[in-house]
>>> print(open('protein-v8.cif').read())   # mmCIF, C-alpha atoms and all ligand atoms
data_coords
loop_
_atom_site.label_atom_id
_atom_site.label_comp_id
_atom_site.auth_asym_id
_atom_site.auth_seq_id
_atom_site.Cartn_x
_atom_site.Cartn_y
_atom_site.Cartn_z
CA MET A 1 -7.09 22.57 1.51
CA GLN A 2 -4.35 25.04 2.45
CA LEU A 3 -1.35 24.97 0.13
CA PHE A 4 2.28 25.18 1.28
CA GLU A 5 5.60 24.91 -0.50
CA THR A 6 7.03 22.46 2.05
CA ALA A 7 5.86 20.60 5.13
CA THR A 8 8.29 22.70 7.18
CA ASP A 9 6.43 25.83 6.02
CA ALA A 10 3.15 24.18 7.03
CA ALA A 11 4.48 23.20 10.47
CA LEU A 12 5.97 26.61 11.24
CA THR A 13 2.87 28.47 10.02
CA LEU A 14 0.21 26.29 11.63
CA ARG A 15 2.24 25.15 14.68
CA PRO A 16 -0.07 22.11 14.78
CA ASP A 17 -0.62 20.04 17.93
CA VAL A 18 -2.52 17.43 15.89
CA PRO A 19 -0.96 15.27 13.15
CA VAL A 20 -1.19 16.88 9.71
CA TYR A 21 -1.23 14.89 6.46
CA CYS A 22 0.66 16.63 3.66
CA PHE A 23 -0.81 15.60 0.30
CA ARG A 24 1.27 15.92 -2.89
CA PRO A 25 -1.04 15.38 -5.86
CA GLN A 26 1.76 15.94 -8.40
CA VAL A 27 3.87 13.20 -6.82
CA LEU A 28 0.88 10.84 -6.85
CA LYS A 29 0.25 11.54 -10.52
CA ALA A 30 3.92 11.10 -11.39
CA ASP A 31 4.22 7.77 -9.54
CA ALA A 32 0.96 6.43 -11.02
CA THR A 33 2.00 7.49 -14.51
CA ALA A 34 5.44 5.90 -14.10
CA PHE A 35 3.86 2.62 -13.02
CA MET A 36 1.38 2.59 -15.90
CA ALA A 37 4.14 3.36 -18.40
CA ALA A 38 6.33 0.52 -17.11
CA PHE A 39 3.68 -2.19 -16.71
CA PRO A 40 2.64 -3.93 -19.94
CA GLY A 41 -1.05 -4.27 -19.06
CA GLU A 42 -3.91 -2.73 -17.11
CA THR A 43 -3.10 -0.95 -13.84
CA ALA A 44 -5.80 -1.47 -11.20
CA TYR A 45 -5.03 0.64 -8.13
CA ALA A 46 -5.67 -1.26 -4.86
CA VAL A 47 -8.15 1.01 -3.08
CA LYS A 48 -7.50 -0.38 0.40
CA THR A 49 -4.00 1.17 0.38
CA ASN A 50 -5.46 4.67 0.56
CA GLY A 51 -9.08 5.20 -0.47
CA GLU A 52 -9.39 8.93 0.28
CA PRO A 53 -11.51 10.73 -2.33
CA MET A 54 -8.60 13.11 -3.07
CA VAL A 55 -6.41 10.11 -3.93
CA LEU A 56 -8.96 8.29 -6.11
CA GLU A 57 -9.78 11.54 -7.88
CA ALA A 58 -6.14 12.35 -8.62
CA LEU A 59 -5.54 8.81 -9.87
CA ALA A 60 -8.57 8.91 -12.16
CA ALA A 61 -7.33 12.27 -13.49
CA ALA A 62 -3.89 10.71 -14.06
CA GLY A 63 -5.47 8.06 -16.28
CA VAL A 64 -6.07 5.12 -13.92
CA LYS A 65 -9.16 3.47 -15.39
CA VAL A 66 -9.51 0.39 -13.20
CA PHE A 67 -9.59 -0.07 -9.43
CA ASP A 68 -9.09 -3.16 -7.29
CA VAL A 69 -11.91 -3.20 -4.72
CA ALA A 70 -12.88 -5.53 -1.88
CA SER A 71 -16.07 -4.25 -0.24
CA PRO A 72 -19.25 -2.22 -0.77
CA GLY A 73 -17.52 0.76 0.86
CA GLU A 74 -14.78 0.60 -1.77
CA PHE A 75 -17.28 0.12 -4.65
CA GLU A 76 -19.02 3.29 -3.56
CA ALA A 77 -15.80 5.26 -3.00
CA VAL A 78 -14.71 4.54 -6.58
CA ARG A 79 -18.16 5.09 -8.10
CA THR A 80 -18.46 8.49 -6.38
CA VAL A 81 -15.24 9.99 -7.74
CA ALA A 82 -14.81 8.00 -10.98
CA PRO A 83 -18.24 6.89 -12.25
CA LYS A 84 -16.80 5.48 -15.49
CA ALA A 85 -13.94 3.52 -13.90
CA GLY A 86 -13.88 -0.26 -14.04
CA MET A 87 -13.72 -2.29 -10.84
CA LEU A 88 -12.13 -5.67 -10.16
CA TYR A 89 -13.59 -7.40 -7.11
CA MET A 90 -10.44 -9.28 -6.12
CA HIS A 91 -11.28 -10.38 -2.59
CA PRO A 92 -11.33 -14.21 -2.76
CA ILE A 93 -13.91 -14.61 0.03
CA LYS A 94 -17.02 -12.50 -0.22
CA ALA A 95 -20.45 -12.21 1.38
CA GLN A 96 -23.18 -13.40 -0.99
CA SER A 97 -25.06 -10.12 -0.54
CA ASP A 98 -21.90 -8.21 -1.54
CA ILE A 99 -21.52 -10.34 -4.69
CA ARG A 100 -25.10 -9.50 -5.58
CA LEU A 101 -24.52 -5.80 -4.97
CA ALA A 102 -21.36 -5.90 -7.10
CA PHE A 103 -23.21 -7.47 -10.06
CA GLU A 104 -26.52 -5.69 -9.74
CA THR A 105 -25.72 -2.16 -8.58
CA TYR A 106 -22.11 -1.64 -9.63
CA GLY A 107 -21.96 -3.67 -12.85
CA ILE A 108 -18.79 -5.45 -11.71
CA ARG A 109 -17.94 -8.41 -13.93
CA VAL A 110 -14.49 -9.49 -12.69
CA LEU A 111 -14.13 -11.41 -9.43
CA ALA A 112 -11.51 -13.55 -7.69
CA LEU A 113 -11.92 -16.81 -5.77
CA ASP A 114 -9.82 -19.63 -4.33
CA HIS A 115 -12.40 -22.33 -3.43
CA GLU A 116 -15.28 -24.23 -5.03
CA ASP A 117 -17.77 -22.99 -2.43
CA GLU A 118 -17.10 -19.47 -3.65
CA VAL A 119 -17.83 -20.64 -7.20
CA ALA A 120 -21.17 -22.00 -5.94
CA LYS A 121 -21.94 -18.72 -4.16
CA ILE A 122 -21.18 -16.67 -7.28
CA LEU A 123 -23.17 -19.05 -9.48
CA ARG A 124 -26.25 -18.75 -7.22
CA VAL A 125 -26.23 -14.97 -7.69
CA VAL A 126 -25.56 -15.26 -11.43
CA ARG A 127 -28.60 -17.59 -11.79
CA ALA A 128 -30.80 -15.42 -9.56
CA LEU A 129 -30.00 -12.33 -11.64
CA ASP A 130 -30.20 -14.29 -14.92
CA LEU A 131 -26.71 -13.16 -15.99
CA ASP A 132 -24.74 -14.84 -18.77
CA PRO A 133 -21.64 -16.46 -17.19
CA GLY A 134 -19.82 -15.74 -20.46
CA THR A 135 -19.84 -12.01 -19.57
CA ILE A 136 -18.07 -12.66 -16.25
CA THR A 137 -14.38 -13.33 -15.64
CA LEU A 138 -13.40 -15.34 -12.58
CA PHE A 139 -9.77 -15.14 -11.52
CA VAL A 140 -8.52 -18.12 -9.57
CA ARG A 141 -6.18 -16.91 -6.86
CA LEU A 142 -3.00 -18.94 -6.71
CA GLN A 143 -0.97 -19.48 -3.57
CA THR A 144 2.55 -18.07 -3.83
CA LYS A 145 5.70 -18.24 -1.74
CA GLY A 146 8.19 -15.46 -1.26
CA HIS A 147 9.60 -12.90 1.10
CA ALA A 148 7.62 -9.78 1.78
CA ALA A 149 7.05 -7.56 4.77
CA TYR A 150 3.52 -8.98 4.58
CA GLU A 151 3.00 -12.55 3.44
CA LEU A 152 -0.58 -13.07 2.28
CA SER A 153 -0.49 -16.62 0.92
CA LYS A 154 -0.95 -18.04 4.38
CA LYS A 155 -4.44 -16.63 4.26
CA PHE A 156 -5.56 -16.80 0.61
CA GLY A 157 -4.85 -18.75 -2.52
CA ALA A 158 -5.39 -22.25 -3.89
CA ALA A 159 -2.51 -24.71 -4.15
CA PRO A 160 -1.54 -25.30 -7.80
CA ALA A 161 -3.40 -28.62 -8.27
CA HIS A 162 -6.51 -27.16 -6.64
CA ALA A 163 -6.24 -24.06 -8.87
CA VAL A 164 -6.25 -26.37 -11.93
CA GLU A 165 -9.55 -27.92 -10.78
CA LEU A 166 -11.09 -24.53 -10.07
CA LEU A 167 -10.15 -23.17 -13.50
CA GLN A 168 -11.66 -26.21 -15.21
CA ARG A 169 -14.82 -26.05 -13.10
CA CYS A 170 -15.40 -22.33 -13.84
CA HIS A 171 -14.65 -22.88 -17.53
CA ARG A 172 -17.15 -25.78 -17.73
CA ILE A 173 -19.88 -23.56 -16.27
CA GLY A 174 -19.19 -21.02 -19.01
CA PHE A 175 -17.31 -18.30 -17.14
CA LYS A 176 -14.23 -16.69 -18.63
CA VAL A 177 -11.28 -17.56 -16.41
CA GLY A 178 -7.99 -16.01 -15.38
CA ILE A 179 -5.18 -16.64 -12.92
CA CYS A 180 -4.25 -14.13 -10.24
CA PHE A 181 -1.82 -14.02 -7.38
CA HIS A 182 -0.75 -11.48 -4.80
CA VAL A 183 2.74 -12.04 -3.49
CA GLY A 184 2.25 -9.95 -0.34
CA SER A 185 3.11 -6.34 0.31
CA GLN A 186 6.54 -4.71 0.12
CA ILE A 187 8.35 -7.69 -1.43
CA GLU A 188 11.87 -8.23 -0.17
CA ASP A 189 13.12 -10.60 -2.87
CA PRO A 190 13.09 -9.67 -6.56
CA GLU A 191 12.66 -13.37 -7.54
CA THR A 192 9.18 -13.38 -6.02
CA TYR A 193 7.27 -12.60 -9.22
CA GLU A 194 9.24 -15.10 -11.24
CA ARG A 195 8.39 -17.94 -8.87
CA ALA A 196 4.72 -16.98 -9.02
CA LEU A 197 4.78 -16.82 -12.84
CA ALA A 198 6.41 -20.25 -13.02
CA SER A 199 3.65 -21.62 -10.83
CA ALA A 200 0.96 -19.86 -12.90
CA ASN A 201 2.46 -21.42 -16.02
CA TRP A 202 2.30 -24.88 -14.46
CA VAL A 203 -1.35 -24.34 -13.57
CA ARG A 204 -2.19 -23.01 -17.03
CA SER A 205 -0.61 -25.95 -18.83
CA ARG A 206 -2.37 -28.52 -16.60
CA ALA A 207 -5.76 -26.78 -16.78
CA GLY A 208 -5.80 -26.63 -20.58
CA VAL A 209 -8.45 -23.89 -20.70
CA PRO A 210 -8.17 -20.55 -22.51
CA LEU A 211 -6.98 -17.76 -20.19
CA ALA A 212 -8.78 -14.43 -20.31
CA GLY A 213 -6.23 -12.76 -18.06
CA LEU A 214 -3.27 -12.95 -15.73
CA ASP A 215 -3.27 -10.66 -12.72
CA VAL A 216 0.11 -10.30 -11.01
CA GLY A 217 -1.33 -8.49 -7.97
CA GLY A 218 0.57 -5.90 -5.95
CA GLY A 219 3.58 -6.08 -3.68
CA PHE A 220 5.85 -3.66 -5.55
CA PRO A 221 8.02 -2.12 -2.85
CA ALA A 222 7.99 1.55 -1.91
CA GLU A 223 11.13 3.35 -0.77
CA TYR A 224 11.50 3.94 2.96
CA GLY A 225 14.35 4.91 5.24
CA HIS A 226 16.89 2.47 6.52
CA ASP A 227 18.61 1.78 9.77
CA PRO A 228 22.36 2.57 9.56
CA ARG A 229 23.10 -0.25 12.00
CA ARG A 230 21.60 -2.81 9.66
CA ARG A 231 22.91 -4.01 6.33
CA LYS A 232 21.46 -1.92 3.53
CA PRO A 233 18.79 -4.00 1.82
CA VAL A 234 19.71 -4.97 -1.74
CA MET A 235 16.27 -4.36 -3.17
CA PRO A 236 16.31 -2.95 -6.70
CA GLY A 237 14.10 0.02 -7.58
CA LEU A 238 10.82 -0.15 -9.49
CA PRO A 239 12.34 0.28 -12.99
CA GLU A 240 14.56 -2.76 -12.47
CA ILE A 241 11.82 -4.87 -10.87
CA MET A 242 9.53 -3.96 -13.78
CA SER A 243 12.05 -4.81 -16.45
CA ARG A 244 12.64 -8.18 -14.82
CA LEU A 245 8.91 -8.75 -14.55
CA ARG A 246 8.48 -7.96 -18.25
CA GLU A 247 11.26 -10.41 -19.12
CA ASP A 248 9.75 -13.11 -16.91
CA ILE A 249 6.29 -12.58 -18.41
CA ASP A 250 7.82 -13.16 -21.85
CA ALA A 251 9.93 -16.09 -20.72
CA TRP A 252 6.92 -17.88 -19.20
CA GLY A 253 4.82 -17.28 -22.28
CA PHE A 254 2.28 -14.86 -20.85
CA SER A 255 2.91 -11.95 -23.21
CA ASP A 256 -0.17 -12.73 -25.31
CA VAL A 257 -2.45 -12.96 -22.24
CA PRO A 258 -4.17 -9.71 -21.11
CA LEU A 259 -2.26 -8.59 -18.02
CA VAL A 260 -3.38 -6.77 -14.89
CA ALA A 261 -1.42 -5.43 -11.91
CA GLU A 262 -2.90 -4.21 -8.63
CA PRO A 263 -0.30 -1.85 -7.17
CA GLY A 264 -1.08 0.01 -3.97
CA ARG A 265 1.90 0.98 -1.87
CA VAL A 266 4.29 1.84 -4.70
CA VAL A 267 1.76 4.25 -6.23
CA VAL A 268 0.69 6.17 -3.15
CA ALA A 269 3.51 5.95 -0.56
CA ARG A 270 5.40 9.07 -1.65
CA ALA A 271 2.24 11.14 -2.13
CA PHE A 272 1.83 11.89 1.59
CA SER A 273 4.02 12.86 4.46
CA LEU A 274 2.84 13.40 8.00
CA ILE A 275 3.77 16.19 10.40
CA VAL A 276 3.76 14.97 13.99
CA ARG A 277 4.68 16.87 17.12
CA VAL A 278 6.95 15.73 19.92
CA LEU A 279 4.71 16.01 22.98
CA LEU A 280 7.56 15.06 25.28
CA ARG A 281 11.14 13.90 25.14
CA LYS A 282 12.10 11.54 27.96
CA GLY A 283 15.75 10.52 27.57
CA ARG A 284 16.02 8.60 24.29
CA ARG A 285 12.25 8.37 23.93
CA LEU A 286 10.00 10.67 21.98
CA TYR A 287 6.28 10.73 22.79
CA ILE A 288 4.47 11.91 19.68
CA ASN A 289 0.84 12.74 18.83
CA ASP A 290 0.33 9.83 16.40
CA GLY A 291 1.05 6.11 16.72
CA ILE A 292 0.17 2.53 15.83
CA TRP A 293 -3.60 3.04 16.28
CA ALA A 294 -3.55 6.03 13.92
CA SER A 295 -1.19 6.54 10.96
CA LEU A 296 1.74 4.33 11.90
CA SER A 297 0.44 0.77 12.24
CA ASP A 298 1.93 -0.37 8.91
CA SER A 299 5.42 0.66 9.93
CA TRP A 300 4.89 -1.14 13.23
CA THR A 301 3.74 -4.52 11.90
CA GLY A 302 5.92 -4.33 8.78
CA LYS A 303 9.01 -3.28 10.82
CA ILE A 304 9.62 -0.42 8.42
CA THR A 305 12.14 2.33 9.18
CA LEU A 306 10.41 5.57 8.25
CA PRO A 307 12.32 8.49 6.79
CA ALA A 308 12.05 11.40 9.23
CA ARG A 309 12.87 15.07 8.84
CA PHE A 310 13.49 17.24 11.86
CA ILE A 311 11.52 20.48 12.07
CA PRO A 312 12.86 22.30 15.14
CA ASP A 313 10.54 24.73 16.91
CA PRO A 314 12.23 28.14 16.57
CA ALA A 315 10.55 29.18 19.84
CA ARG A 316 12.90 26.86 21.75
CA THR A 317 16.09 28.85 22.30
CA ARG A 318 18.07 26.45 24.52
CA ARG A 319 19.03 23.01 23.27
CA ASN A 320 21.29 20.20 24.44
CA GLY A 321 23.45 18.00 22.23
CA ASN A 322 25.23 18.36 18.93
CA PRO A 323 22.86 19.15 16.05
CA GLU A 324 25.25 17.39 13.64
CA THR A 325 24.96 14.06 15.45
CA ILE A 326 22.15 11.81 14.28
CA GLY A 327 20.87 9.28 16.79
CA ALA A 328 18.14 6.69 17.21
CA PHE A 329 15.05 7.65 19.20
CA ARG A 330 12.41 5.23 20.35
CA VAL A 331 9.00 6.54 19.35
CA CYS A 332 6.00 6.20 21.66
CA GLY A 333 2.50 6.77 20.30
CA ALA A 334 -0.31 9.01 21.49
CA THR A 335 -2.61 6.44 23.10
CA CYS A 336 -2.45 5.07 26.65
CA ASP A 337 -1.85 1.58 25.25
CA SER A 338 1.52 0.15 26.27
CA VAL A 339 2.03 -1.63 22.93
CA ASP A 340 1.78 1.75 21.15
CA ILE A 341 5.55 2.01 20.62
CA LEU A 342 7.01 1.83 17.11
CA SER A 343 9.06 -1.24 16.26
CA ARG A 344 11.78 0.86 14.58
CA PRO A 345 13.40 4.05 15.88
CA PHE A 346 13.43 7.44 14.18
CA TRP A 347 16.88 8.75 13.25
CA LEU A 348 17.07 12.40 14.21
CA PRO A 349 19.53 15.07 15.34
CA GLU A 350 20.43 14.77 19.03
CA THR A 351 18.91 18.19 19.71
CA VAL A 352 15.31 17.06 19.10
CA ASP A 353 13.10 18.00 22.03
CA THR A 354 9.61 18.58 23.39
CA GLY A 355 7.57 20.84 21.09
CA ASP A 356 9.53 20.09 17.89
CA TRP A 357 7.91 18.63 14.80
CA ILE A 358 8.92 15.66 12.70
CA GLU A 359 7.93 15.20 9.08
CA ILE A 360 7.53 11.49 8.37
CA GLY A 361 8.00 10.86 4.65
CA HIS A 362 6.54 8.27 2.25
CA ILE A 363 3.58 7.59 4.53
CA GLY A 364 0.78 7.52 1.93
CA ALA A 365 0.21 3.76 1.99
CA TYR A 366 -1.66 1.92 4.77
CA SER A 367 -1.52 4.91 7.09
CA LEU A 368 -4.68 6.96 7.12
CA SER A 369 -6.68 4.01 5.73
CA LEU A 370 -5.82 2.09 8.90
CA ARG A 371 -6.38 4.81 11.49
CA THR A 372 -8.78 4.15 14.34
CA ARG A 373 -10.60 6.31 16.89
CA PHE A 374 -8.96 4.44 19.74
CA ASN A 375 -8.59 6.60 22.83
CA GLY A 376 -10.29 9.47 21.01
CA PHE A 377 -7.36 10.27 18.72
CA TYR A 378 -8.28 10.48 15.04
CA PRO A 379 -5.92 12.51 12.82
CA ASP A 380 -7.94 14.14 10.06
CA THR A 381 -6.18 17.38 9.11
CA PHE A 382 -4.90 17.76 5.56
CA VAL A 383 -2.81 20.32 3.73
CA GLU A 384 -1.44 20.29 0.22
CA VAL A 385 2.31 20.55 -0.23
CA ARG A 386 3.98 21.43 -3.51
CA ARG A 387 7.52 20.15 -3.04
CA GLY A 388 8.31 16.42 -2.79
CA PHE A 389 9.60 15.04 0.51
CA ASP A 390 12.97 14.15 -1.02
CA GLU A 391 13.31 17.33 -3.10
CA GLY A 392 15.25 20.49 -2.36
CA THR A 393 17.72 20.80 0.46
CA ALA A 394 18.70 17.50 2.04
CA ALA A 395 16.16 16.18 4.48
CA GLU A 396 17.78 16.64 7.84
CA GLY A 397 18.06 13.31 9.63
CA TYR A 398 16.90 11.40 6.56
CA ALA A 399 19.78 12.64 4.40
CA SER A 400 22.36 12.08 7.14
CA LEU A 401 21.03 8.57 7.40
CA GLU A 402 21.75 7.93 3.71
CA THR A 403 25.31 9.19 4.12
CA MET A 404 25.93 7.07 7.19
CA ALA A 405 24.65 3.93 5.50
CA ASP A 406 26.97 4.09 2.49
C1 LIG B 501 -3.42 -5.25 -0.70
C2 LIG B 501 -3.55 -5.84 -2.04
C3 LIG B 501 -2.89 -5.24 -3.13
C4 LIG B 501 -1.97 -4.05 -3.00
O1 LIG B 501 -0.76 -4.45 -2.47
P1 LIG B 501 0.52 -3.45 -2.40
O2 LIG B 501 1.55 -4.26 -1.72
O3 LIG B 501 0.10 -2.26 -1.63
O4 LIG B 501 0.89 -3.12 -3.80
C5 LIG B 501 -3.09 -5.80 -4.38
N1 LIG B 501 -3.88 -6.89 -4.55
C6 LIG B 501 -4.50 -7.49 -3.52
C7 LIG B 501 -5.34 -8.69 -3.78
C8 LIG B 501 -4.35 -7.00 -2.24
O5 LIG B 501 -4.95 -7.61 -1.21
#
>>> encode(input="protein-v8.cif", output="structure tokens", more="lines below")
Ligand SMILES: *Cc1c(COP(=O)(O)O)cnc(C)c1O
Amino acid sequence: MQLFETATDAALTLRPDVPVYCFRPQVLKADATAFMAAFPGETAYAVKTNGEPMVLEALAAAGVKVFDVASPGEFEAVRTVAPKAGMLYMHPIKAQSDIRLAFETYGIRVLALDHEDEVAKILRVVRALDLDPGTITLFVRLQTKGHAAYELSKKFGAAPAHAVELLQRCHRIGFKVGICFHVGSQIEDPETYERALASANWVRSRAGVPLAGLDVGGGFPAEYGHDPRRRKPVMPGLPEIMSRLREDIDAWGFSDVPLVAEPGRVVVARAFSLIVRVLLRKGRRLYINDGIWASLSDSWTGKITLPARFIPDPARTRRNGNPETIGAFRVCGATCDSVDILSRPFWLPETVDTGDWIEIGHIGAYSLSLRTRFNGFYPDTFVEVRRGFDEGTAAEGYASLETMAD
């Protein structure tokens, strides 16, 4: 991988017409280390957020020993780069053949579920392979309520009374049992974990079985840009969320239970930026070479304002507009699909034009893991960048945005 000091250096050297992912391994290591230091339990990185070998390798090197996986593809991705790492198979609804593969080939012994039919499925495989249920931990996934850019409890999770039954059933069979929840991604209300812990406590006290673990899932928010026309969100940063979570864990009596977290976004978001090129400016619209079917679907569905840095093409000598004025530009994606338009504008200097580049920051989560080959566009170019997106001289556009919002 070619190494550059900044993404601007990369753009001006390579003059790329295709999107270029800028990987920052030091930032990834720093963010993973910070999370592990702040969380009072095991940190299991959620592989679906960004499962690139370079990411898994850097995380393993940074000391991440456990990974949250959901499919044979993810088992293999982890096994390949970190053969000694532990894996938690936290998808509540699994194919029976995948459960067998997890037990037999990958030695996985921790699984999640939210229904009795899943217990039956797991038990069939356990019997067929003659495994001792006492060596296996089943986490019962609890439904939660809260505000997040992505709410996942509509899809997964047992209601509290149902979770009580499931815990007792698994315990009776001889499995070790735990409680897990996942409050959704990019939480928007710091009370979210507390509500989930209160509910987990209710379930624990009704179930009356020994708990082998409590898994608080993911959802920890990453930092993005913000729209100066909207009220600045009052979301505290990770250190504050973590200190509240630690207090709540104590207050609800879970401090003597082995804890697990499954962060994704908050660990990997800042580790990548993306250089895109403006293929055409049409009035207030920018047509770029990436979009919702490639790296930007998460920002589209999650209505996330992405931090953007302007990288003007020095070859363009004539420009219109005041470079000091920052304005909103609607961003249209590369495919011929008419829905391929971002749900939030980019805030950029008025002089932005055809042929310029934009560095999109904090794009490491749910970007390249979600890209498709739709319309023949598949960004797959990587460089390594030494300096962090937010470091050094103020990010043009992004920095102005901060000033305007205060
Ligand atoms: C997606 C997912 C995560 C990671 O969520 P983030 O919001 O990226 O931290 C963790 N646990 C489960 C079960 C998930 O599905």
>>> atom_distance(input="protein-v8.cif", atom1="CA of Leu286 (chain A)", atom2="CA of Val331 (chain A)")
5.0 Å
>>> closest_residue(input="protein-v8.cif", among="A:Arg319, A:Arg277, A:Lys65, A:Arg371", to="Val20 (chain A)", atoms="only C-alpha atoms")
A:Arg277
>>> residues_around(input="protein-v8.cif", residues="region 91-94 of chain A", least_positions_apart="4", cutoff="9 Å", atoms="only C-alpha atoms", output="ChimeraX atom specification")
/A:68-71,98-99,111-115,118,121,139-141,156-157
>>> closest_residue(input="protein-v8.cif", among="A:Asp227, A:Ala11, A:Met36, A:Glu262", to="Tyr89 (chain A)", atoms="only C-alpha atoms")
A:Glu262
>>> closest_atom_pairs(input="protein-v8.cif", of="chain A", to="ligand LIG 501 (chain B)", cutoff="6 Å", atoms="only C-alpha atoms and all ligand atoms", output="tab-separated table")
residue	atom	partner	partner_atom	distance
A:Ala46	CA	B:LIG501	C4	5.0
A:Thr49	CA	B:LIG501	O3	5.7
A:Met90	CA	B:LIG501	C7	5.6
A:His182	CA	B:LIG501	C7	5.5
A:Gly184	CA	B:LIG501	O2	5.9
A:Ser185	CA	B:LIG501	O2	3.3
A:Gln186	CA	B:LIG501	O2	5.3
A:Gly217	CA	B:LIG501	N1	4.6
A:Gly218	CA	B:LIG501	O4	3.5
A:Gly219	CA	B:LIG501	O2	3.4
A:Phe220	CA	B:LIG501	O4	5.3
A:Glu262	CA	B:LIG501	C5	4.5
A:Pro263	CA	B:LIG501	O4	3.8
A:Gly264	CA	B:LIG501	O3	3.5
A:Arg265	CA	B:LIG501	O3	3.7
>>> residues_around(input="protein-v8.cif", residues="region 234-244 of chain A", least_positions_apart="6", cutoff="12 Å", atoms="only C-alpha atoms", output="PDB file with C-alpha atoms, in the frame of the given file")
ATOM      1  CA  ASP A  31       4.220   7.770  -9.540  1.00  0.00           C
ATOM      2  CA  ALA A  32       0.960   6.430 -11.020  1.00  0.00           C
ATOM      3  CA  ALA A  34       5.440   5.900 -14.100  1.00  0.00           C
ATOM      4  CA  PHE A  35       3.860   2.620 -13.020  1.00  0.00           C
ATOM      5  CA  MET A  36       1.380   2.590 -15.900  1.00  0.00           C
ATOM      6  CA  ALA A  37       4.140   3.360 -18.400  1.00  0.00           C
ATOM      7  CA  ALA A  38       6.330   0.520 -17.110  1.00  0.00           C
ATOM      8  CA  PHE A  39       3.680  -2.190 -16.710  1.00  0.00           C
ATOM      9  CA  PRO A  40       2.640  -3.930 -19.940  1.00  0.00           C
ATOM     10  CA  GLY A  41      -1.050  -4.270 -19.060  1.00  0.00           C
ATOM     11  CA  HIS A 147       9.600 -12.900   1.100  1.00  0.00           C
ATOM     12  CA  ALA A 148       7.620  -9.780   1.780  1.00  0.00           C
ATOM     13  CA  GLN A 186       6.540  -4.710   0.120  1.00  0.00           C
ATOM     14  CA  ILE A 187       8.350  -7.690  -1.430  1.00  0.00           C
ATOM     15  CA  GLU A 188      11.870  -8.230  -0.170  1.00  0.00           C
ATOM     16  CA  ASP A 189      13.120 -10.600  -2.870  1.00  0.00           C
ATOM     17  CA  PRO A 190      13.090  -9.670  -6.560  1.00  0.00           C
ATOM     18  CA  GLU A 191      12.660 -13.370  -7.540  1.00  0.00           C
ATOM     19  CA  THR A 192       9.180 -13.380  -6.020  1.00  0.00           C
ATOM     20  CA  TYR A 193       7.270 -12.600  -9.220  1.00  0.00           C
ATOM     21  CA  GLU A 194       9.240 -15.100 -11.240  1.00  0.00           C
ATOM     22  CA  LEU A 197       4.780 -16.820 -12.840  1.00  0.00           C
ATOM     23  CA  VAL A 216       0.110 -10.300 -11.010  1.00  0.00           C
ATOM     24  CA  GLY A 219       3.580  -6.080  -3.680  1.00  0.00           C
ATOM     25  CA  PHE A 220       5.850  -3.660  -5.550  1.00  0.00           C
ATOM     26  CA  PRO A 221       8.020  -2.120  -2.850  1.00  0.00           C
ATOM     27  CA  ALA A 222       7.990   1.550  -1.910  1.00  0.00           C
ATOM     28  CA  GLU A 223      11.130   3.350  -0.770  1.00  0.00           C
ATOM     29  CA  TYR A 224      11.500   3.940   2.960  1.00  0.00           C
ATOM     30  CA  HIS A 226      16.890   2.470   6.520  1.00  0.00           C
ATOM     31  CA  ASP A 250       7.820 -13.160 -21.850  1.00  0.00           C
ATOM     32  CA  ALA A 251       9.930 -16.090 -20.720  1.00  0.00           C
ATOM     33  CA  ALA A 261      -1.420  -5.430 -11.910  1.00  0.00           C
ATOM     34  CA  PRO A 263      -0.300  -1.850  -7.170  1.00  0.00           C
ATOM     35  CA  ARG A 265       1.900   0.980  -1.870  1.00  0.00           C
ATOM     36  CA  VAL A 266       4.290   1.840  -4.700  1.00  0.00           C
ATOM     37  CA  VAL A 267       1.760   4.250  -6.230  1.00  0.00           C
TER      38      VAL A 267
END
>>> atom_distance(input="protein-v8.cif", atom1="CA of Leu214 (chain A)", atom2="CA of Gln168 (chain A)")
15.7 Å
>>> residues_around(input="protein-v8.cif", residues="Arg387 (chain A)", least_positions_apart="2", cutoff="9 Å", atoms="all atoms listed in the file", output="tab-separated table (two decimals) with C-alpha atoms, keeping the file's coordinate frame")
chain	number	residue	atom	x	y	z
A	4	PHE	CA	2.28	25.18	1.28
A	5	GLU	CA	5.60	24.91	-0.50
A	6	THR	CA	7.03	22.46	2.05
A	7	ALA	CA	5.86	20.60	5.13
A	24	ARG	CA	1.27	15.92	-2.89
A	26	GLN	CA	1.76	15.94	-8.40
A	27	VAL	CA	3.87	13.20	-6.82
A	385	VAL	CA	2.31	20.55	-0.23
A	389	PHE	CA	9.60	15.04	0.51
A	390	ASP	CA	12.97	14.15	-1.02
A	391	GLU	CA	13.31	17.33	-3.10
A	392	GLY	CA	15.25	20.49	-2.36
>>> residues_around(input="protein-v8.cif", residues="Gly364 (chain A)", least_positions_apart="3", cutoff="10 Å", atoms="all atoms listed in the file", output="list of chain:residue names")
A:Tyr21, A:Cys22, A:Phe23, A:Arg24, A:Leu28, A:Thr49, A:Asn50, A:Val55, A:Gly264, A:Arg265, A:Val266, A:Val267, A:Val268, A:Ala269, A:Arg270, A:Ala271, A:Phe272, A:Ser273, A:Leu274, A:Ser295, A:Gly361, A:Ser367, A:Leu368, A:Ser369
>>> residues_around(input="protein-v8.cif", residues="Val177 (chain A)", least_positions_apart="5", cutoff="7 Å", atoms="all atoms listed in the file", output="VMD selection string")
chain A and resid 137 to 139 167 170 to 171 211 to 212
>>> atom_distance(input="protein-v8.cif", atom1="CA of Asp17 (chain A)", atom2="CA of His362 (chain A)")
20.9 Å
>>> closest_residue(input="protein-v8.cif", among="A:Ile108, A:Thr135, A:Ala163, A:Ile311", to="Asn201 (chain A)", atoms="all atoms listed in the file")
A:Ala163
